[in-house]
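Chemist: Quick one: structure below, then a few questions.
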2 protein chains.
Amino acid sequence: MDEKQKSDFVDLAHRLADAAKAETLSYFRGGALATQSKGEVGFDPVTAADRAAERIMREMIEAERPDDGILGEEFGPKESASGLTWVLDPIDGTRGYISGTPTWGTLIALHDGSQPVVGLIDQPYIGERFTGAGELATFSGPHGSSGLQVSATTQISNAVIFTTFPEIGSATEQAAFHALASECRLTRYGMDCYAYALLAMGQIDLVIEAGLHAYDIQAPIAVIEAAGGIVTTWGGGAADQGGRVIAAATPQLHEAALEVLARHV
Amino acid sequence: MDEKQKSDFVDLAHRLADAAKAETLSYFRGGALATQSKGEVGFDPVTAADRAAERIMREMIEAERPDDGILGEEFGPKESASGLTWVLDPIDGTRGYISGTPTWGTLIALHDGSQPVVGLIDQPYIGERFTGAGELATFSGPHGSSGLQVSATTQISNAVIFTTFPEIGSATEQAAFHALASECRLTRYGMDCYAYALLAMGQIDLVIEAGLHAYDIQAPIAVIEAAGGIVTTWGGGAADQGGRVIAAATPQLHEAALEVLARHV
C-alpha cells in the first residue's frame, strides 16, 4: 500500500466516523431519535444506534470500495475481493453508552489480510478522534490536535493499568489480571475502547482484556502501534482476531507483563 | 435565601468554575504548565493543578464574599461569619485526572449551615456543567443545554449502579456494595463525581460510595436534589459531612437499596 492509497483510506475512515457519529449521537442520552421511538415495543436505543451507524458505514464502503470486505458487529460479514477488509464496531462499550458515559467509541479498521493497517477510535460526544496508520498517529479533540506517542514506562511498578470490568472473563483470566494489576501503580476500570486511546496518548501504560472480538481490537491495534506501542494476545501472538489481549507502552513493560500473566493461565 | 441571592450565588459558582477550569486544564494530560515544570524535583501535576485551582477560587470568594467560610480539599478551613460556607474540591477524581480520563470534575457547593443550597459539578475538558440550587437544575454541554431530571426507576432489578472502585472501602463496605450491585441490572466503575452527574441527568439510578469527605459530596447533593433525587448516608441520614453515601433516583429505590445495605453493615 503506497502513501497515496493509505491517505485515501484514512480519509474514508474519517468520513465513515463522521457518518456514524450522526447516528450514535441521535440516540445517546435519550437524544432525539431515542425519545421519538420511546413508545415502540421492544425498542432499544443502543441497538438502533449500533445498527444505524453500521448500516451507513457499510453503504459508504460498498459505494466507494465495492471489492473490499466488511466485518461488522451488527450484520453478516462480506467477503473481500480486493484483499482488504473494513472492520467496524459502531459502538464499542454499549454498557457505557446506555449509562450515558462519554467513554464508548466507534472503531473503524482496515485489515490488509495480515494485519490492521488503518485504525480510528472516535469518541463522538466529546469530539475526540485517534487515528493510526503506519507512521501516522494523530489526535484531534475539543482543545486542539497533536500527534500520538505512548509513554516510556518500562517497569510494572510504575504502570497505570486499565480494564473494563474487574471480572475480566473466566476465573483464570480474572486471577491473572489481578495478579498483574496488584503490581501496578494504579488500576482503573470502566473505559472500554477509550482505555486504548489513553494508552496511545501516553496517559496510561497497560490495557488488559479477554473475550474480545476482532472488531473490538483491530482499530486499537493500528492506533497503538502507530503511536509506538505493542498489542498482542496474552501469549505474545497477533491480536487481530481478538481473544485475550494486552496492550503495552514499551517492549520491556510488555515482556514483564506477559511473564506475570503466563504464571496464571 | 431569596431568589436574587440564590441567583447571585449560582453566578459566582459559575465564575469560580471558569477560573478553576483554566488551572485544571493547564496541567491535564501533560498540558502546557505540566510540561513546563517537568524537570522540577518532586513536581506533581495533579497537586499543582489542585492547589492552583483552589487558590484562585479562594481569592475570588475572599474578594467578593469576605464573610463567607471556605472548606476546601487543599488548604485549611476558613470560619464563616455569614453562616454561609463555600465547599470546594478543585479536582474530584485525581486518579482519573492523572490517567487522562475525562470524568474527573471540579465540585463547588454553598452550605447554609444546615445543608448545601447550591451545587455545581464541572467537567472542564468535555465542557459539561451540572448546576443545582433548590428548584434550579440545569445542564450545559458541548451539544447544548437542558434541565436535569433523575430517572423514574423504582426497582433495584432495573437499576444501573455506579461506584468508583470495586473495593469501595472496608471489607464490610465492599460486601454491602456488591450485595446490592448483584441485584442491579448493570454495575459500572471508574467515574468519580461524574457518576453523580449521570444520576442527576437520569442516565443511571444509584451511586454508592464510602469514605467520602464533605467536599466530595456537597455539590452532588445539591445537584441531585434539585434534579429530584435523594442523597443520604447508608443509614438514611444527612450526607453533607460525607462518609458512606448513597444517591438514588427515587424514594422507592432509595428505600429498597438502604434495606439491602443494612443487612450487610
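Ordering of the C-alpha cells sets the chain letters (A, B, ...); residue numbers start at 1 within each chain; ligands are numbered from 1 in the order shown.
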Using only C-alpha atoms, select each residue of chain B with any atom at most 6 Å away from an atom of chain A, and give the selection as number ranges by chain.
Modeler: B: 99-100, 126, 189-190, 203-204
Chemist: Determine, counting only C-alpha atoms, which protein, DNA and RNA residues have an atom within 7 Å of an atom of Ile56 of chain B; residues of the same chain fewer than 3 positions away are not included. Present the result as a ChimeraX atom specification.
Modeler: /B:19-20,52-53,59-60
Chemist: Do you have the atom CA of Lys78 of chain B-atom CA of Ile121 of chain B distance handy?
Modeler: 22.0 Å
Chemist: Calculate how many Å separate atom CA of Ile246 of chain B from atom CA of Ile230 of chain B, rounding to one decimal.
Modeler: 8.1 Å
Chemist: Tell me, which residues of segment 20-221 of chain A carry DSSP strand (DSSP E or B), written as an MDAnalysis selection string?
Modeler: chainID A and resid 69:72 78 85:92 105:111 116:123 128:133 136:141 144:147 160:163 186:189 206:212
Chemist: Separation of atom CA of Gly147 of chain B and atom CA of Val10 of chain B, in Å?
Modeler: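 We find that atom CA of Gly147 of chain B and atom CA of Val10 of chain B lie 15.1 Å from each other.
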Chemist: For Ile217 of chain B, please output as number ranges by chain all residues within 7 Å (counting only C-alpha atoms; exclusion window: fewer than 3 positions along the same chain).
Modeler: B: 213-214, 220-221, 240, 242
Chemist: Store the residues picked out above, limited to N, CA, C and O atoms, as a compact mmCIF listing (two decimals), in the first residue's frame.
Modeler:
# COMPACT_ATOMS: atom_id res chain seq x y z
N HIS B 213 -15.33 12.65 51.87
CA HIS B 213 -15.20 13.89 52.64
C HIS B 213 -16.39 14.80 52.32
O HIS B 213 -17.05 14.63 51.29
N ALA B 214 -16.60 15.80 53.17
CA ALA B 214 -17.69 16.75 52.93
C ALA B 214 -17.59 17.38 51.54
O ALA B 214 -18.59 17.55 50.84
N PRO B 220 -22.59 17.34 44.66
CA PRO B 220 -23.52 16.33 44.14
C PRO B 220 -24.87 16.34 44.87
O PRO B 220 -25.91 16.17 44.22
N ILE B 221 -24.89 16.55 46.19
CA ILE B 221 -26.17 16.59 46.91
C ILE B 221 -27.07 17.66 46.33
O ILE B 221 -28.24 17.42 46.00
N ASP B 240 -24.19 15.39 54.12
CA ASP B 240 -23.35 16.54 53.77
C ASP B 240 -21.97 16.51 54.43
O ASP B 240 -21.07 17.23 54.00
N GLY B 242 -20.24 13.67 54.45
CA GLY B 242 -19.54 12.58 53.77
C GLY B 242 -19.73 11.24 54.45
O GLY B 242 -20.80 10.95 54.98
